[in-house]
file input-v3.cif (mmCIF, C-alpha atoms and all ligand atoms)
data_start
loop_
_atom_site.label_atom_id
_atom_site.label_comp_id
_atom_site.auth_asym_id
_atom_site.auth_seq_id
_atom_site.Cartn_x
_atom_site.Cartn_y
_atom_site.Cartn_z
CA MET R 24 -20.46 33.27 8.87
CA ILE R 25 -23.48 31.64 10.51
CA THR R 26 -26.87 33.25 10.44
CA GLN R 27 -30.13 31.85 11.70
CA MET R 28 -31.28 31.61 8.10
CA ASN R 29 -28.42 29.62 6.66
CA LEU R 30 -28.42 27.41 9.74
CA ALA R 31 -31.92 26.24 8.91
CA GLN R 32 -32.38 23.35 6.51
CA ALA R 33 -35.14 22.44 4.09
CA ASP R 34 -37.98 20.43 5.68
CA ASN R 35 -37.48 17.35 3.51
CA ALA R 36 -33.77 16.98 4.31
CA PRO R 37 -32.73 13.75 6.09
CA PRO R 38 -32.59 14.26 9.84
CA ILE R 39 -29.40 15.62 11.33
CA ARG R 40 -29.03 16.15 15.07
CA LEU R 41 -26.45 16.94 17.70
CA VAL R 42 -26.99 16.55 21.44
CA ILE R 43 -24.38 17.70 23.98
CA HIS R 44 -23.85 17.72 27.73
CA GLY R 45 -21.47 19.65 29.97
CA GLY R 46 -21.87 17.62 33.15
CA ALA R 47 -24.65 16.81 35.60
CA GLY R 48 -24.95 17.65 39.30
CA THR R 49 -26.60 19.60 42.07
CA ILE R 50 -27.11 22.67 39.98
CA GLU R 51 -29.54 24.99 41.75
CA ARG R 52 -31.30 27.83 40.00
CA SER R 53 -31.28 29.97 43.14
CA LYS R 54 -27.48 29.79 43.33
CA LEU R 55 -26.50 30.13 39.70
CA THR R 56 -25.94 33.81 38.95
CA ALA R 57 -27.41 35.31 35.79
CA GLU R 58 -23.87 35.94 34.47
CA CYS R 59 -22.89 32.38 35.11
CA GLU R 60 -26.01 31.00 33.44
CA GLN R 61 -25.36 33.25 30.48
CA ALA R 62 -21.73 32.09 30.22
CA TYR R 63 -22.81 28.43 30.14
CA THR R 64 -25.60 29.13 27.67
CA GLN R 65 -23.12 30.88 25.40
CA ALA R 66 -20.50 28.12 25.60
CA LEU R 67 -23.08 25.37 25.00
CA THR R 68 -24.55 27.31 22.07
CA GLN R 69 -21.09 27.73 20.53
CA SER R 70 -20.49 24.03 20.89
CA LEU R 71 -23.83 23.18 19.24
CA ILE R 72 -23.18 25.56 16.36
CA ALA R 73 -19.68 24.18 15.79
CA GLY R 74 -21.05 20.64 15.50
CA TYR R 75 -24.12 21.70 13.54
CA THR R 76 -22.01 23.55 10.99
CA VAL R 77 -20.23 20.26 10.25
CA LEU R 78 -23.50 18.30 9.95
CA ASN R 79 -25.26 20.97 7.92
CA SER R 80 -22.49 21.04 5.34
CA GLY R 81 -22.71 17.27 4.88
CA GLY R 82 -19.90 16.38 7.31
CA SER R 83 -19.78 13.19 9.36
CA SER R 84 -21.22 12.63 12.82
CA VAL R 85 -17.68 11.80 14.04
CA ASP R 86 -16.41 15.21 12.90
CA ALA R 87 -19.44 16.94 14.42
CA VAL R 88 -18.81 15.27 17.78
CA ILE R 89 -15.17 16.38 17.69
CA ALA R 90 -16.07 19.96 16.72
CA ALA R 91 -18.65 20.23 19.52
CA ILE R 92 -16.35 18.73 22.17
CA VAL R 93 -13.29 20.80 21.19
CA VAL R 94 -15.27 23.99 21.95
CA MET R 95 -16.03 22.71 25.46
CA GLU R 96 -12.47 21.41 25.99
CA ASP R 97 -11.14 24.87 25.11
CA SER R 98 -13.57 26.58 27.50
CA PRO R 99 -12.46 26.87 31.17
CA LEU R 100 -16.11 26.44 32.18
CA PHE R 101 -16.01 22.66 31.86
CA ASN R 102 -14.04 19.85 33.48
CA ALA R 103 -12.38 18.83 30.22
CA GLY R 104 -9.28 20.17 28.47
CA LYS R 105 -8.62 23.66 29.87
CA GLY R 106 -10.46 23.90 33.19
CA ALA R 107 -9.95 20.24 34.09
CA VAL R 108 -9.79 19.29 37.77
CA PHE R 109 -6.54 18.44 39.58
CA THR R 110 -5.32 15.09 40.83
CA HIS R 111 -4.02 14.63 44.39
CA SER R 112 -0.50 15.36 43.21
CA GLY R 113 -1.53 18.60 41.52
CA ARG R 114 -1.62 17.43 37.91
CA ASN R 115 -4.36 17.56 35.30
CA GLU R 116 -4.85 14.06 33.89
CA LEU R 117 -7.33 13.97 31.04
CA ASP R 118 -9.44 11.14 29.61
CA ALA R 119 -11.48 11.02 26.39
CA SER R 120 -13.11 8.57 24.01
CA ILE R 121 -14.96 8.50 20.71
CA MET R 122 -16.93 5.88 18.79
CA ASP R 123 -18.18 5.69 15.21
CA GLY R 124 -21.61 4.03 15.07
CA SER R 125 -21.30 3.02 11.42
CA THR R 126 -18.19 0.85 11.90
CA ARG R 127 -18.08 0.49 15.71
CA MET R 128 -14.50 1.66 15.50
CA ALA R 129 -13.49 3.36 18.73
CA GLY R 130 -10.56 5.28 20.23
CA ALA R 131 -9.65 6.51 23.68
CA VAL R 132 -6.86 8.14 25.68
CA ALA R 133 -6.49 8.24 29.45
CA ALA R 134 -4.34 10.09 31.98
CA VAL R 135 -2.80 12.41 29.40
CA THR R 136 -1.27 15.67 30.57
CA THR R 137 0.00 17.54 27.52
CA ILE R 138 -2.55 16.98 24.74
CA ARG R 139 -4.58 20.14 24.28
CA ASN R 140 -7.65 18.35 22.91
CA PRO R 141 -7.85 14.78 24.19
CA ILE R 142 -10.89 14.10 21.97
CA ARG R 143 -8.67 14.63 18.89
CA ALA R 144 -6.18 12.16 20.34
CA ALA R 145 -8.98 9.62 20.90
CA HIS R 146 -9.95 10.11 17.27
CA ALA R 147 -6.36 9.60 16.12
CA VAL R 148 -6.21 6.36 18.10
CA MET R 149 -9.41 5.25 16.37
CA THR R 150 -8.36 6.16 12.85
CA GLN R 151 -4.56 5.91 12.85
CA SER R 152 -3.75 2.99 15.12
CA PRO R 153 -4.85 -0.63 15.43
CA HIS R 154 -5.68 0.01 19.11
CA VAL R 155 -8.65 1.31 21.08
CA MET R 156 -7.06 2.84 24.19
CA LEU R 157 -3.67 4.45 24.83
CA ILE R 158 -2.67 5.88 28.19
CA GLY R 159 -0.19 8.28 29.76
CA GLN R 160 3.19 8.84 28.14
CA GLY R 161 2.51 6.33 25.39
CA ALA R 162 -0.59 8.23 24.34
CA GLU R 163 1.40 11.47 24.43
CA SER R 164 4.19 10.10 22.23
CA PHE R 165 1.52 8.88 19.81
CA ALA R 166 -0.13 12.33 19.78
CA ILE R 167 3.24 13.99 19.01
CA GLU R 168 3.83 11.52 16.19
CA LYS R 169 0.40 12.32 14.75
CA GLY R 170 1.06 16.07 14.89
CA LEU R 171 -1.60 16.94 17.46
CA ASP R 172 -1.47 20.18 19.43
CA ILE R 173 0.82 19.63 22.45
CA VAL R 174 0.83 22.11 25.35
CA ASP R 175 2.78 22.64 28.55
CA PRO R 176 0.83 21.02 31.41
CA ALA R 177 0.51 24.55 32.89
CA TYR R 178 -1.95 25.33 30.08
CA PHE R 179 -4.60 23.31 31.95
CA HIS R 180 -4.06 25.11 35.27
CA THR R 181 -6.96 27.27 36.42
CA GLU R 182 -6.99 29.03 39.79
CA PHE R 183 -10.45 27.84 40.71
CA ARG R 184 -9.59 24.18 40.14
CA TRP R 185 -6.40 24.58 42.16
CA ASN R 186 -8.36 25.99 45.11
CA GLN R 187 -10.90 23.20 44.74
CA LEU R 188 -8.05 20.66 45.11
CA GLN R 189 -6.70 22.38 48.23
CA LYS R 190 -10.15 22.12 49.84
CA ALA R 191 -10.53 18.50 48.81
CA ILE R 192 -7.09 17.60 50.23
CA LYS R 193 -7.93 19.34 53.52
CA GLN R 194 -11.13 17.35 53.81
CA GLU R 195 -9.47 14.17 52.57
CA ARG R 196 -12.22 13.85 50.00
CA ILE R 197 -12.27 12.73 46.42
CA LEU R 198 -14.67 15.10 44.78
CA LEU R 199 -16.86 14.31 41.90
CA ASP R 200 -16.79 17.51 39.96
CA HIS R 201 -20.36 18.41 40.79
CA ASP R 202 -20.41 17.15 44.40
CA ALA R 203 -22.11 19.55 46.75
CA ASP R 204 -20.10 20.25 49.87
CA PRO R 205 -22.34 21.56 52.65
CA ASP R 206 -19.51 22.10 55.15
CA THR R 207 -17.31 24.40 53.15
CA PRO R 208 -19.37 25.26 50.13
CA LEU R 209 -17.45 26.23 47.04
CA PRO R 210 -18.95 29.09 45.07
CA ASP R 211 -21.97 27.35 43.66
CA HIS R 212 -21.32 27.92 39.99
CA ASP R 213 -17.85 26.50 40.49
CA GLN R 214 -19.10 23.17 41.82
CA LYS R 215 -21.05 22.32 38.75
CA ARG R 216 -18.62 22.33 35.91
CA GLY R 217 -18.47 18.95 34.40
CA THR R 218 -17.40 16.36 31.99
CA VAL R 219 -18.46 17.05 28.41
CA GLY R 220 -19.96 14.82 25.75
CA ALA R 221 -21.71 14.81 22.40
CA VAL R 222 -23.77 12.46 20.24
CA ALA R 223 -24.51 13.20 16.59
CA LEU R 224 -26.47 11.93 13.60
CA ASP R 225 -25.28 12.94 10.14
CA ARG R 226 -27.07 13.16 6.82
CA ASN R 227 -25.95 9.66 5.85
CA GLY R 228 -27.74 8.26 8.89
CA ASN R 229 -24.55 7.54 10.84
CA LEU R 230 -24.25 7.96 14.59
CA ALA R 231 -21.20 8.92 16.68
CA ALA R 232 -20.54 9.58 20.36
CA GLY R 233 -17.69 11.17 22.32
CA THR R 234 -16.87 12.11 25.92
CA SER R 235 -14.01 14.11 27.50
CA THR R 236 -13.14 14.80 31.14
CA GLY R 237 -10.58 15.69 33.78
CA GLY R 238 -12.17 13.07 36.05
CA LEU R 239 -12.39 13.66 39.79
CA THR R 240 -10.75 16.31 41.95
CA ASN R 241 -8.08 14.76 44.22
CA LYS R 242 -8.10 11.44 42.33
CA ARG R 243 -5.06 9.23 43.11
CA PHE R 244 -3.09 6.24 41.96
CA GLY R 245 -3.85 6.75 38.26
CA ARG R 246 -7.61 6.53 38.75
CA ILE R 247 -9.55 6.37 35.49
CA GLY R 248 -13.33 6.80 35.32
CA ASP R 249 -15.95 5.77 32.79
CA SER R 250 -15.42 8.57 30.25
CA PRO R 251 -12.63 6.92 28.21
CA ILE R 252 -14.13 3.44 28.54
CA ILE R 253 -16.10 2.27 25.53
CA GLY R 254 -19.40 0.83 26.73
CA ALA R 255 -19.29 2.74 30.04
CA GLY R 256 -18.99 6.46 29.23
CA THR R 257 -19.33 6.31 25.44
CA TYR R 258 -20.98 4.01 22.93
CA ALA R 259 -22.33 4.29 19.36
CA ASP R 260 -23.89 1.67 17.13
CA ASN R 261 -26.06 2.44 14.09
CA ARG R 262 -28.17 -0.59 15.02
CA SER R 263 -29.28 1.12 18.21
CA ILE R 264 -28.13 4.49 19.55
CA ALA R 265 -25.23 6.80 20.38
CA VAL R 266 -24.64 7.50 24.09
CA SER R 267 -22.44 9.78 26.19
CA ALA R 268 -22.47 9.73 30.00
CA THR R 269 -21.52 11.93 32.92
CA GLY R 270 -21.59 11.19 36.63
CA THR R 271 -20.06 8.92 39.26
CA GLY R 272 -17.73 7.06 36.93
CA GLU R 273 -17.21 3.93 39.02
CA MET R 274 -20.93 3.10 38.91
CA PHE R 275 -21.12 3.87 35.19
CA ILE R 276 -18.33 1.34 34.68
CA ARG R 277 -19.98 -1.27 36.91
CA THR R 278 -23.27 -0.99 35.02
CA ALA R 279 -21.61 -0.72 31.58
CA ALA R 280 -23.92 2.28 31.38
CA ALA R 281 -23.57 3.35 27.75
CA PHE R 282 -23.68 -0.18 26.31
CA ASN R 283 -26.41 -1.19 28.75
CA THR R 284 -28.60 1.65 27.46
CA ALA R 285 -27.88 0.80 23.82
CA ALA R 286 -28.54 -2.91 24.40
CA GLN R 287 -32.00 -2.20 25.84
CA VAL R 288 -32.88 -0.22 22.72
CA ARG R 289 -31.43 -2.80 20.34
CA PHE R 290 -32.66 -6.03 21.90
CA GLN R 291 -35.77 -5.02 23.85
CA HIS R 292 -36.90 -2.09 21.72
CA THR R 293 -37.10 0.02 24.85
CA SER R 294 -37.72 3.72 24.22
CA LEU R 295 -34.66 5.96 24.49
CA GLU R 296 -35.98 7.71 27.58
CA LYS R 297 -36.92 4.53 29.38
CA ALA R 298 -33.62 2.83 28.53
CA ALA R 299 -31.63 5.78 29.91
CA ASP R 300 -33.85 5.91 33.01
CA ASN R 301 -33.41 2.16 33.60
CA THR R 302 -29.64 2.56 33.49
CA LEU R 303 -29.74 5.58 35.80
CA ALA R 304 -31.94 3.63 38.22
CA GLU R 305 -29.31 0.86 38.38
CA ILE R 306 -26.68 3.51 39.03
CA ALA R 307 -28.83 5.15 41.73
CA ALA R 308 -29.21 1.76 43.43
CA MET R 309 -25.41 1.78 43.77
CA GLN R 310 -25.53 5.29 45.26
CA GLY R 311 -24.33 6.79 42.02
CA ASP R 312 -25.79 9.61 39.97
CA GLY R 313 -25.38 11.52 36.74
CA GLY R 314 -26.85 11.76 33.28
CA LEU R 315 -26.96 10.27 29.80
CA ILE R 316 -27.55 11.77 26.36
CA VAL R 317 -28.82 9.37 23.70
CA LEU R 318 -29.71 9.62 20.01
CA ASP R 319 -30.99 7.17 17.38
CA THR R 320 -30.72 7.05 13.57
CA LYS R 321 -34.17 8.62 13.14
CA GLY R 322 -33.07 11.69 15.07
CA ASN R 323 -34.97 10.83 18.26
CA HIS R 324 -33.04 11.84 21.32
CA ALA R 325 -33.23 11.95 25.11
CA MET R 326 -31.28 13.83 27.77
CA ARG R 327 -31.88 12.14 31.12
CA PHE R 328 -30.34 12.76 34.53
CA ASN R 329 -31.07 11.88 38.14
CA THR R 330 -29.32 14.95 39.55
CA ARG R 331 -30.76 18.44 40.05
CA GLY R 332 -29.49 19.56 36.69
CA MET R 333 -27.37 18.82 33.66
CA TYR R 334 -25.80 21.35 31.31
CA ARG R 335 -27.13 20.24 27.96
CA GLY R 336 -28.26 21.25 24.49
CA VAL R 337 -29.66 19.99 21.22
CA ILE R 338 -29.78 21.23 17.66
CA GLY R 339 -31.59 19.65 14.70
CA ASN R 340 -32.58 20.43 11.12
CA ASP R 341 -34.11 23.79 12.01
CA GLY R 342 -30.70 25.04 13.17
CA ILE R 343 -32.06 26.45 16.43
CA PRO R 344 -29.91 25.65 19.48
CA ARG R 345 -31.96 24.59 22.50
CA ILE R 346 -30.29 24.72 25.89
CA GLY R 347 -31.26 23.36 29.30
CA ILE R 348 -29.56 23.43 32.71
CA PHE R 349 -32.26 22.57 35.26
CA THR R 350 -35.15 20.11 35.11
CA ASP R 351 -37.35 22.24 32.87
CA THR R 352 -37.54 21.82 29.09
CA GLU R 353 -34.68 23.05 26.94
CA GLN R 354 -35.26 26.57 25.64
CA PRO R 355 -34.43 27.92 22.18
CA VAL R 356 -31.55 30.37 22.08
CA THR R 357 -31.99 33.33 19.80
CA LEU R 358 -28.83 33.92 17.88
CA PRO R 359 -27.78 37.54 17.56
CA PRO R 360 -27.55 38.82 13.99
CA ALA R 361 -24.33 37.65 12.32
CA SER R 362 -23.02 41.23 12.24
CA ALA R 363 -23.11 41.38 16.06
CA ARG R 364 -21.09 38.19 16.51
N1 LIG B 401 -17.72 10.45 34.83
C1 LIG B 401 -16.57 11.26 35.13
C2 LIG B 401 -15.54 10.40 35.83
O1 LIG B 401 -15.93 9.60 36.67
C3 LIG B 401 -16.87 12.44 35.99
C4 LIG B 401 -18.07 13.29 35.57
O2 LIG B 401 -18.81 12.92 34.68
O3 LIG B 401 -18.23 14.39 36.13
O4 LIG B 401 -14.37 10.56 35.61
#

call {"tool": "encode", "arguments": {"input": "input-v3.cif", "output": "structure tokens", "more": "lines below"}}
Ligand code: ASP
result
Amino acid sequence: MITQMNLAQADNAPPIRLVIHGGAGTIERSKLTAECEQAYTQALTQSLIAGYTVLNSGGSSVDAVIAAIVVMEDSPLFNAGKGAVFTHSGRNELDASIMDGSTRMAGAVAAVTTIRNPIRAAHAVMTQSPHVMLIGQGAESFAIEKGLDIVDPAYFHTEFRWNQLQKAIKQERILLDHDADPDTPLPDHDQKRGTVGAVALDRNGNLAAGTSTGGLTNKRFGRIGDSPIIGAGTYADNRSIAVSATGTGEMFIRTAAAFNTAAQVRFQHTSLEKAADNTLAEIAAMQGDGGLIVLDTKGNHAMRFNTRGMYRGVIGNDGIPRIGIFTDTEQPVTLPPASAR
């Protein structure tokens, strides 16, 4: 059982840190209901605590990233795992990737439809195959062979996402998950659910990064975005930083966003914030938008976005989850006493 007290670490412990995002977009305070904000805060807090519990007990950054992302994949609030958006043909096709900063081993799956937690499949590709990326049916056969949790595709179906697809088809639009739609606005809280990602630093000074998504509503022809692409949506290297991205995937691929950010830190000694902002500026110049979370081996981190908001959170040695949605600073979340949880 987790209490605030046993979450906190001694001051002289090596830095541990976990940073997460749940998608970036036009998230407006005036339109997000208190219940909705609370639901996101709760889900993000749960994700942070799941990852922190791993780090605090001496676990690896890779395992912390998986633990944090699985919570968000299992939550219908985010466009990853359950709650993923639909393709044009009414399927949920999921993408995910993970990278270990200590070895630069990486794994990814794309366009999978039956794997409950794509991030676990990405991890299996990284650790139990000689490959980096497996797609579609091949990835699914691999996941079965590795004993991962397989579900009926109907598991991923949510009513809201289905209605979102019907609107997108009517308008002949491919919707980025957080696209605002002024003509036929979707309920505001429903527009903003996004891709999820995590970056972590463990007690041994190792970094890891992971990202998981359903991609874009109404996507066609086997479209794959940046999330499962190492160097675009995800990157981790102990010599620089760990990065996870969310946003207009095509521009994140064209700018090699995650690697680009890491390369600035490694070769030009650019600060984390500035490096992320430089990458986002390149993306903005291509009419793209989104956000990046970054973390180095000293425990410095940044959460940058060029949209109105980004669901995000951070937890460090003090064990206090800090959550942000809009442009203001992340706020500490007070955990209820263990007995009330
Ligand atoms: N980057 C994701 C993609 O293009 C979408 C997102 O982050 O919302 O598939």

call {"tool": "closest_atom_pairs", "arguments": {"input": "input-v3.cif", "of": "range 297-361 of chain R", "to": "range 69-77 of chain R", "cutoff": "8 Å", "atoms": "all atoms listed in the file", "output": "JSON lines"}}
result
{"residue": "R:Gly336", "atom": "CA", "partner": "R:Leu71", "partner_atom": "CA", "distance": 7.1}
{"residue": "R:Val337", "atom": "CA", "partner": "R:Leu71", "partner_atom": "CA", "distance": 6.9}
{"residue": "R:Ile338", "atom": "CA", "partner": "R:Leu71", "partner_atom": "CA", "distance": 6.5}
{"residue": "R:Gly339", "atom": "CA", "partner": "R:Tyr75", "partner_atom": "CA", "distance": 7.8}
{"residue": "R:Gly342", "atom": "CA", "partner": "R:Tyr75", "partner_atom": "CA", "distance": 7.4}
{"residue": "R:Pro344", "atom": "CA", "partner": "R:Leu71", "partner_atom": "CA", "distance": 6.6}

call {"tool": "closest_residue", "arguments": {"input": "input-v3.cif", "among": "R:Asn340, R:Thr352, R:Gln151, R:Asn102", "to": "ligand LIG 401 (chain B)", "atoms": "all atoms listed in the file"}}
result
R:Asn102

call {"tool": "atom_distance", "arguments": {"input": "input-v3.cif", "atom1": "CA of Gly170 in chain R", "atom2": "CA of Arg139 in chain R"}}
result
11.7 Å

call {"tool": "residues_near_point", "arguments": {"input": "input-v3.cif", "point": "(-11.4, 3.5, 26.1)", "cutoff": "8 Å", "atoms": "only C-alpha atoms", "output": "PyMOL selection string"}}
result
chain R and resi 119-120+129-133+155-157+250-253

call {"tool": "residues_near_ligand", "arguments": {"input": "input-v3.cif", "ligand": "ligand LIG 401 (chain B)", "cutoff": "8 Å", "atoms": "all atoms listed in the file", "output": "list in words"}}
result
Gly46, Ala47, Asn102, Asp118, Leu199, Asp200, His201, Arg216, Gly217, Thr218, Val219, Thr236, Gly237, Gly238, Leu239, Ile247, Gly248, Asp249, Ser250, Gly256, Ala268, Thr269, Gly270, Thr271, Gly272, Glu273, Phe275 and Gly313 of chain R

call {"tool": "write_last_selection", "arguments": {"input": "input-v3.cif", "atoms": "C-alpha atoms", "output": "PDB file, in the coordinates of the input"}}
result
ATOM      1  CA  GLY R  46     -21.870  17.620  33.150  1.00  0.00           C
ATOM      2  CA  ALA R  47     -24.650  16.810  35.600  1.00  0.00           C
ATOM      3  CA  ASN R 102     -14.040  19.850  33.480  1.00  0.00           C
ATOM      4  CA  ASP R 118      -9.440  11.140  29.610  1.00  0.00           C
ATOM      5  CA  LEU R 199     -16.860  14.310  41.900  1.00  0.00           C
ATOM      6  CA  ASP R 200     -16.790  17.510  39.960  1.00  0.00           C
ATOM      7  CA  HIS R 201     -20.360  18.410  40.790  1.00  0.00           C
ATOM      8  CA  ARG R 216     -18.620  22.330  35.910  1.00  0.00           C
ATOM      9  CA  GLY R 217     -18.470  18.950  34.400  1.00  0.00           C
ATOM     10  CA  THR R 218     -17.400  16.360  31.990  1.00  0.00           C
ATOM     11  CA  VAL R 219     -18.460  17.050  28.410  1.00  0.00           C
ATOM     12  CA  THR R 236     -13.140  14.800  31.140  1.00  0.00           C
ATOM     13  CA  GLY R 237     -10.580  15.690  33.780  1.00  0.00           C
ATOM     14  CA  GLY R 238     -12.170  13.070  36.050  1.00  0.00           C
ATOM     15  CA  LEU R 239     -12.390  13.660  39.790  1.00  0.00           C
ATOM     16  CA  ILE R 247      -9.550   6.370  35.490  1.00  0.00           C
ATOM     17  CA  GLY R 248     -13.330   6.800  35.320  1.00  0.00           C
ATOM     18  CA  ASP R 249     -15.950   5.770  32.790  1.00  0.00           C
ATOM     19  CA  SER R 250     -15.420   8.570  30.250  1.00  0.00           C
ATOM     20  CA  GLY R 256     -18.990   6.460  29.230  1.00  0.00           C
ATOM     21  CA  ALA R 268     -22.470   9.730  30.000  1.00  0.00           C
ATOM     22  CA  THR R 269     -21.520  11.930  32.920  1.00  0.00           C
ATOM     23  CA  GLY R 270     -21.590  11.190  36.630  1.00  0.00           C
ATOM     24  CA  THR R 271     -20.060   8.920  39.260  1.00  0.00           C
ATOM     25  CA  GLY R 272     -17.730   7.060  36.930  1.00  0.00           C
ATOM     26  CA  GLU R 273     -17.210   3.930  39.020  1.00  0.00           C
ATOM     27  CA  PHE R 275     -21.120   3.870  35.190  1.00  0.00           C
ATOM     28  CA  GLY R 313     -25.380  11.520  36.740  1.00  0.00           C
TER      29      GLY R 313
END

call {"tool": "residues_around", "arguments": {"input": "input-v3.cif", "residues": "Gly159 in chain R", "least_positions_apart": "4", "cutoff": "7 Å", "atoms": "all atoms listed in the file", "output": "short mmCIF file (atom, residue, chain, number, x, y, z; two decimals) with C-alpha atoms, keeping the file's coordinate frame"}}
result
data_model
loop_
_atom_site.label_atom_id
_atom_site.label_comp_id
_atom_site.auth_asym_id
_atom_site.auth_seq_id
_atom_site.Cartn_x
_atom_site.Cartn_y
_atom_site.Cartn_z
CA ALA R 133 -6.49 8.24 29.45
CA ALA R 134 -4.34 10.09 31.98
CA VAL R 135 -2.80 12.41 29.40
CA GLU R 163 1.40 11.47 24.43
#

call {"tool": "closest_residue", "arguments": {"input": "input-v3.cif", "among": "R:His111, R:His44, R:Lys54, R:Arg345", "to": "Gly245 in chain R", "atoms": "all atoms listed in the file"}}
result
R:His111

call {"tool": "residues_around", "arguments": {"input": "input-v3.cif", "residues": "His324 in chain R", "least_positions_apart": "5", "cutoff": "12 Å", "atoms": "all atoms listed in the file", "output": "number ranges by chain"}}
result
R: 38-43, 221-224, 230, 263-267, 294-299, 315-319, 336-339

call {"tool": "closest_residue", "arguments": {"input": "input-v3.cif", "among": "R:Phe244, R:Ala280, R:Gly314, R:Asn229", "to": "Ser83 in chain R", "atoms": "only C-alpha atoms"}}
result
R:Asn229

call {"tool": "atom_distance", "arguments": {"input": "input-v3.cif", "atom1": "CA of Asn261 in chain R", "atom2": "CA of Gly124 in chain R"}}
result
4.8 Å

call {"tool": "closest_residue", "arguments": {"input": "input-v3.cif", "among": "R:Met122, R:Ile192, R:Ala62, R:Ile138", "to": "Leu171 in chain R", "atoms": "only C-alpha atoms"}}
result
R:Ile138

call {"tool": "atom_distance", "arguments": {"input": "input-v3.cif", "atom1": "CA of Asp123 in chain R", "atom2": "CA of Ala231 in chain R"}}
result
4.7 Å

call {"tool": "closest_residue", "arguments": {"input": "input-v3.cif", "among": "R:Ala145, R:Ala308, R:Val85, R:Cys59", "to": "Asn227 in chain R", "atoms": "all atoms listed in the file"}}
result
R:Val85

call {"tool": "build_atoms", "arguments": {"input": "input-v3.cif", "residues": "range 220-224 of chain R", "atoms": "all heavy atoms", "output": "compact mmCIF listing (two decimals), in the coordinates of the input"}}
result
# COMPACT_ATOMS: atom_id res chain seq x y z
N GLY R 220 -19.72 15.91 26.69
CA GLY R 220 -19.96 14.82 25.75
C GLY R 220 -20.86 15.26 24.63
O GLY R 220 -21.54 16.30 24.73
N ALA R 221 -20.86 14.49 23.54
CA ALA R 221 -21.71 14.81 22.40
C ALA R 221 -22.11 13.53 21.67
O ALA R 221 -21.32 12.56 21.63
CB ALA R 221 -20.96 15.74 21.44
N VAL R 222 -23.32 13.53 21.14
CA VAL R 222 -23.77 12.46 20.24
C VAL R 222 -24.33 13.13 19.00
O VAL R 222 -24.97 14.18 19.10
CB VAL R 222 -24.82 11.53 20.90
CG1 VAL R 222 -24.19 10.69 22.00
CG2 VAL R 222 -26.01 12.32 21.47
N ALA R 223 -24.08 12.53 17.82
CA ALA R 223 -24.51 13.20 16.59
C ALA R 223 -25.03 12.19 15.58
O ALA R 223 -24.63 11.02 15.57
CB ALA R 223 -23.34 13.98 15.99
N LEU R 224 -25.94 12.70 14.74
CA LEU R 224 -26.47 11.93 13.60
C LEU R 224 -26.23 12.76 12.34
O LEU R 224 -26.64 13.93 12.28
CB LEU R 224 -27.98 11.71 13.79
CG LEU R 224 -28.74 11.16 12.57
CD1 LEU R 224 -28.30 9.72 12.27
CD2 LEU R 224 -30.26 11.22 12.82
